[in-house]
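Undergrad: For reference, the structure I am asking about is given below.
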Amino acid sequence: MPVPLLDLKAQYRELKPELDAAILDVMENAAFIGGPRVAAFEAAIADYCGTAHAVACGNGTDALFLIMAALGIGKGDEVITTPFTFFATVEAIAHTGATPVFVDIEPGTYNMDVSKLAGAITERTKAIMPVHIFGQCVDMDPVLSLAEERGLFVVEDACQAIGATYNGKRAGSIGHAAAFSFFPSKNLGCAGDGGAVTTDDPELAARVRKLAQHGTTKKYFHDTFGTNSRLDAIQAAILLVKLPHLDRWNAERRAAAAVYDGLLVDLPGLALPEMRSFGDAVYHLYIVKTESPDAAEAVMAALKDAGIGTALYYPLALHEQAVFAGRSDYAAPSLAVAESCDGSTFALPCFPGIAREQQDEVVRVVKGVLA
């Protein structure tokens with residue numbers, strides 16, 4: 001029985017009349033850049049996340065970069081983050097001229113180990129960038145407390161976590177600002193690239209908006225260098241149709257994860273994702289870990305042979321990437337937990353609408369290798 005890692009075709013079929021009508025309306029009105037659809041989406045995302053402001057932009061990577069640029073982070077500064085995330089996180093830091101500083105992760109949640117933050121702070125540290133990896137929030141209270149004590153900014157990388165909660169607050173409303181991605185595979189995805197910044201700080205929101213529009217608030221008049229990072233109206237229209245369904249979809253992801261938890265809990269050699277009690281996760285991905293890369297390779301090969309979608313997340317931690325080799329401003333740390341995940345952590349299909357018989361098939365194949 002084929003099982004995709006994510007079934008975007010089924011999601012489109014579910015919303016086809018609304019999506020087609022929204023796209024056609026943009027085409028007929030020829031309002032492709034900016035305009036009422038983008039403004040409506042910014043208001044909707046701010047309302048959903050519980051922030052005063054949202055600024056739409058071209059993608060999640062830009063959202064991270066724009067926040068840090070708007071905060072004045074640049075060459076000579078350090079930003080503390082996690083080594084276990086998509087490359088865009090560290091890429092955004094590097095493009096400001098700042099230096100990433102990595103702290104290790106927790107086993108099971110794969111989130112930043114906040115107990116190690118204090119030891120990573122130096123006189124050059126300007127910000128902490130926790131990543132709510134795979135849709136579960138980092139334990140943010142210790143992060144915020146330390147940041148306030150040391151005078152640091154907290155920038156949430158919430159690109160995988162829209163709808164996740166922490167002590168009653170949604171991801172994106174906890175730090176000084178947050179970045180979201182609406183890449184098609186995200187829990188709230190458009191039909192291309194898209195992103196947004198959320199914040200309660202009106203001045204920060206204004207700086208982000210200005211930087212995203214070539215450094216101007218009045219066309220053809222510029223007092224700073226910015227970039228071109230816009231969410232187009234068709235993508236905004238698509239996201240406006242999808243947003244009202246997000247909480248239901250996230251609940252369906254949690255239900256699917258609970259099925260796996262029950263069926264795989266006693267399987268030797270397979271570590272299941274661990275959930276913290278301080279909020280709801282949204283399971284952007286359901287990540288399991290084997291005892292070795294060879295075991296992961298065997299399970300993934302069996303899944304692929306059965307027509308079941310899977311992928312490594314991640315094959316190599318960021319601090320081990322070749323891009324850092326030889327940099328005079330960077331000393332590769334030893335991060336045992338993150339390194340133990342290299343080639344051993346991978347995703348099982350866990351998406352809204354997945355059928356129980358599909359999950360049973362996934363479990364059958366996994367147990368066929370490990371049991």
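Scheme for the structure tokens: letters A, B, ... for chains in order shown; per-chain residue numbers from 1; ligand numbers from 1 in order shown.
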With a cut-off of 7 Å, could you pull out the residues of segment 15-107 of chain A touching segment 236-260 of chain A and give me the nearest pair of atoms for each, distance in Å to one decimal, using only C-alpha atoms, ordered by chain and ascending number, as CSV?
TA:
residue,atom,partner,partner_atom,distance
A:Glu18,CA,A:Val241,CA,6.7
A:Leu19,CA,A:Ile238,CA,6.0
A:Ala22,CA,A:Ala237,CA,5.7
A:Ile23,CA,A:Ala237,CA,6.6
A:Arg37,CA,A:Ala236,CA,5.9
A:Val38,CA,A:Ala236,CA,5.4
A:Phe41,CA,A:Ala236,CA,6.0
Undergrad: Considering only C-alpha atoms, return as a list in words whatever protein or nucleic-acid residues lie within 8 Å of Leu204 of chain A, sequence-local ones (same chain, fewer than 3 positions apart) excluded.
TA: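 In the requested format, the answer is Ile67, Ala70, Leu71, Thr199, Asp201, Arg207 and Val208 of chain A.
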Undergrad: Write out as a PyMOL selection string each polymer residue whose atoms come within 8 Å of Ile287 of chain A, counting only C-alpha atoms; drop sequence neighbours fewer than 6 positions from it.
TA: chain A and resi 134+272-273+313+345-348
Undergrad: Using only C-alpha atoms, which of A:Ile234, A:Gly192, A:Gly97, A:Ala179 sits nearest Pro36 of chain A?
TA: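 The answer is A:Ile234, which sits nearest to Pro36 of chain A.
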Undergrad: Going by DSSP on the backbone, which bits of segment 56-232 of chain A are strand (DSSP E or B)? Write them as an NGL selection string, please.
TA: :A and (56-57 or 78-81 or 99-102 or 105 or 112 or 125-128 or 131 or 153-157 or 165-166 or 169-170 or 177-181 or 195-199 or 213 or 218 or 221 or 228 or 232)
Undergrad: Restricted to C-alpha atoms, what would the selected residues look like written as a short mmCIF file (atom, residue, chain, number, x, y, z; two decimals), in the first residue's frame?
TA:
data_model
loop_
_atom_site.label_atom_id
_atom_site.label_comp_id
_atom_site.auth_asym_id
_atom_site.auth_seq_id
_atom_site.Cartn_x
_atom_site.Cartn_y
_atom_site.Cartn_z
CA ALA A 56 4.56 38.88 5.10
CA CYS A 57 7.72 38.17 3.12
CA GLU A 78 27.18 36.13 17.88
CA VAL A 79 23.80 34.40 17.75
CA ILE A 80 23.23 31.23 19.78
CA THR A 81 21.17 28.54 18.11
CA THR A 99 28.70 34.20 13.83
CA PRO A 100 26.51 31.25 14.84
CA VAL A 101 27.22 29.63 18.19
CA PHE A 102 25.76 26.17 18.68
CA ILE A 105 20.07 19.46 21.90
CA MET A 112 17.78 23.16 22.06
CA THR A 125 26.33 37.54 22.03
CA LYS A 126 23.41 39.60 20.76
CA ALA A 127 20.58 37.09 20.35
CA ILE A 128 19.32 33.60 21.06
CA VAL A 131 14.11 26.56 16.81
CA PHE A 153 17.08 39.40 21.86
CA VAL A 154 15.10 36.18 21.46
CA VAL A 155 14.19 35.32 17.87
CA GLU A 156 11.92 32.30 17.45
CA ASP A 157 12.49 30.14 14.42
CA THR A 165 1.68 26.26 22.03
CA TYR A 166 3.81 26.95 25.09
CA LYS A 169 0.86 31.10 24.07
CA ARG A 170 1.25 30.22 20.42
CA ALA A 177 10.00 38.35 17.07
CA ALA A 178 9.45 35.13 15.15
CA ALA A 179 9.84 33.76 11.65
CA PHE A 180 7.42 31.49 9.82
CA SER A 181 7.73 29.56 6.58
CA GLY A 195 7.06 33.58 4.93
CA ALA A 196 6.14 36.00 7.67
CA VAL A 197 7.54 37.82 10.69
CA THR A 198 5.44 38.24 13.83
CA THR A 199 6.17 40.64 16.69
CA GLN A 213 10.83 46.53 0.37
CA LYS A 218 8.29 55.80 -0.15
CA PHE A 221 13.40 57.17 -2.00
CA ASN A 228 13.22 42.34 -2.23
CA ASP A 232 2.65 37.59 -3.67
#
Undergrad: Determine, counting only C-alpha atoms, which protein, DNA and RNA residues have an atom within 9 Å of an atom of Asp113 of chain A; residues of the same chain fewer than 6 positions away are not included. Present the result as a list in words.
TA: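 Close residues of Asp113 of chain A: Thr82, Val103, Asp104, Ile105, Glu106, Pro107, Val138 and Asp139 of chain A.
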Undergrad: For the selection just defined, write its residues with C-alpha atoms to a file, as a PDB file, in the first residue's frame.
TA:
ATOM      1  CA  THR A  82      20.773  24.801  17.616  1.00  0.00           C
ATOM      2  CA  VAL A 103      24.543  24.502  21.860  1.00  0.00           C
ATOM      3  CA  ASP A 104      23.587  20.848  22.047  1.00  0.00           C
ATOM      4  CA  ILE A 105      20.068  19.458  21.897  1.00  0.00           C
ATOM      5  CA  GLU A 106      17.853  17.356  24.131  1.00  0.00           C
ATOM      6  CA  PRO A 107      17.452  13.695  23.251  1.00  0.00           C
ATOM      7  CA  VAL A 138      11.438  24.902  23.026  1.00  0.00           C
ATOM      8  CA  ASP A 139      11.182  25.364  26.806  1.00  0.00           C
TER       9      ASP A 139
END
Undergrad: As a PDB file with C-alpha atoms, in the first residue's frame, please: the residues near segment 91-93 of chain A (cut-off 9 Å, only C-alpha atoms, same-chain neighbours under 5 positions excluded).
TA:
ATOM      1  CA  THR A  61      14.780  32.214   5.447  1.00  0.00           C
ATOM      2  CA  ASP A  62      14.141  35.846   4.564  1.00  0.00           C
ATOM      3  CA  ALA A  63      11.939  36.190   7.642  1.00  0.00           C
ATOM      4  CA  LEU A  64      14.825  35.142   9.891  1.00  0.00           C
ATOM      5  CA  PHE A  65      17.309  37.375   8.091  1.00  0.00           C
ATOM      6  CA  LEU A  66      14.986  40.387   8.106  1.00  0.00           C
ATOM      7  CA  MET A  68      18.132  40.045  12.629  1.00  0.00           C
ATOM      8  CA  ILE A  73      22.771  42.241  14.320  1.00  0.00           C
ATOM      9  CA  GLY A  74      25.853  42.059  12.107  1.00  0.00           C
ATOM     10  CA  GLU A  78      27.178  36.134  17.883  1.00  0.00           C
ATOM     11  CA  VAL A  79      23.797  34.398  17.754  1.00  0.00           C
ATOM     12  CA  ALA A  98      27.177  37.445  12.545  1.00  0.00           C
ATOM     13  CA  THR A  99      28.702  34.195  13.829  1.00  0.00           C
ATOM     14  CA  PRO A 100      26.510  31.254  14.838  1.00  0.00           C
TER      15      PRO A 100
END
Undergrad: Could you pull out the residues in segment 228-271 of chain A that DSSP calls helix (DSSP H, G or I) from the backbone, as an mmCIF file with C-alpha atoms, in the first residue's frame?
TA:
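Okay, this is what ended up in states_9.cif:
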data_model
loop_
_atom_site.group_PDB
_atom_site.id
_atom_site.type_symbol
_atom_site.label_atom_id
_atom_site.label_comp_id
_atom_site.auth_asym_id
_atom_site.auth_seq_id
_atom_site.Cartn_x
_atom_site.Cartn_y
_atom_site.Cartn_z
ATOM 1 C CA ALA A 233 -1.122 37.902 -3.643
ATOM 2 C CA ILE A 234 -1.842 34.440 -5.055
ATOM 3 C CA GLN A 235 0.070 32.833 -2.196
ATOM 4 C CA ALA A 236 -1.704 35.069 0.319
ATOM 5 C CA ALA A 237 -5.048 34.066 -1.163
ATOM 6 C CA ILE A 238 -4.177 30.378 -0.865
ATOM 7 C CA LEU A 239 -3.040 30.788 2.732
ATOM 8 C CA LEU A 240 -6.205 32.683 3.667
ATOM 9 C CA VAL A 241 -8.275 29.724 2.452
ATOM 10 C CA LYS A 242 -6.148 27.221 4.358
ATOM 11 C CA LEU A 243 -5.677 29.059 7.658
ATOM 12 C CA PRO A 244 -9.175 28.327 9.076
ATOM 13 C CA HIS A 245 -8.447 24.608 8.688
ATOM 14 C CA LEU A 246 -5.047 24.683 10.405
ATOM 15 C CA ASP A 247 -6.135 23.802 13.948
ATOM 16 C CA ARG A 248 -8.123 20.817 12.683
ATOM 17 C CA TRP A 249 -5.201 19.636 10.570
ATOM 18 C CA ASN A 250 -2.841 19.971 13.521
ATOM 19 C CA ALA A 251 -5.244 17.973 15.699
ATOM 20 C CA GLU A 252 -5.290 15.249 13.038
ATOM 21 C CA ARG A 253 -1.483 15.193 13.068
ATOM 22 C CA ARG A 254 -1.523 14.757 16.863
ATOM 23 C CA ALA A 255 -4.025 11.930 16.561
ATOM 24 C CA ALA A 256 -1.879 10.178 13.955
ATOM 25 C CA ALA A 257 1.188 10.596 16.163
ATOM 26 C CA ALA A 258 -0.696 9.003 19.064
ATOM 27 C CA VAL A 259 -1.413 5.970 16.872
ATOM 28 C CA TYR A 260 2.285 5.530 16.151
ATOM 29 C CA ASP A 261 3.108 6.045 19.818
ATOM 30 C CA GLY A 262 0.794 3.199 20.744
ATOM 31 C CA LEU A 263 1.874 0.798 18.024
ATOM 32 C CA LEU A 264 5.638 1.356 18.224
#
Undergrad: Give me the residues within 8 Å of Ala171 of chain A as a ChimeraX atom specification, counting only C-alpha atoms and dropping any in the same chain fewer than 3 places off.
TA: /A:49,137,156,158,161-166,174
Undergrad: At what distance in Å, to one decimal, does atom CA of Ser185 of chain A lie from atom CA of Lys289 of chain A?
TA: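 One can read the atom CA of Lys289 of chain A to atom CA of Ser185 of chain A distance as 21.4 Å.
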Undergrad: Distance atom CA of Tyr286 of chain A-atom CA of Val143 of chain A, one decimal place?
TA: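 About the pair atom CA of Tyr286 of chain A and atom CA of Val143 of chain A: they are 25.0 Å apart.
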Undergrad: Between A:Ser292, A:Gly353, A:Ser340, A:Lys75, which is the closest to Arg13 of chain A once you count only C-alpha atoms?
TA: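 Result for the nearest residue to Arg13 of chain A: A:Gly353.
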Undergrad: From the options A:Gly343, A:Gly368, A:Gly189, A:Pro83, which residue's atoms come nearest to Ala306 of chain A, counting only C-alpha atoms?
TA: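 Nearest to Ala306 of chain A: A:Gly368.
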Undergrad: In Å to one decimal, how far is atom CA of Ser173 of chain A from atom CA of Thr122 of chain A?
TA: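 It comes out at 26.3 Å.
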Undergrad: Between A:Ala40, A:Ala317, A:Thr290, A:Tyr110, which has the minimum distance to Glu274 of chain A (counting only C-alpha atoms)?
TA: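 With only C-alpha atoms as the atom set, the closest residue is A:Tyr110.
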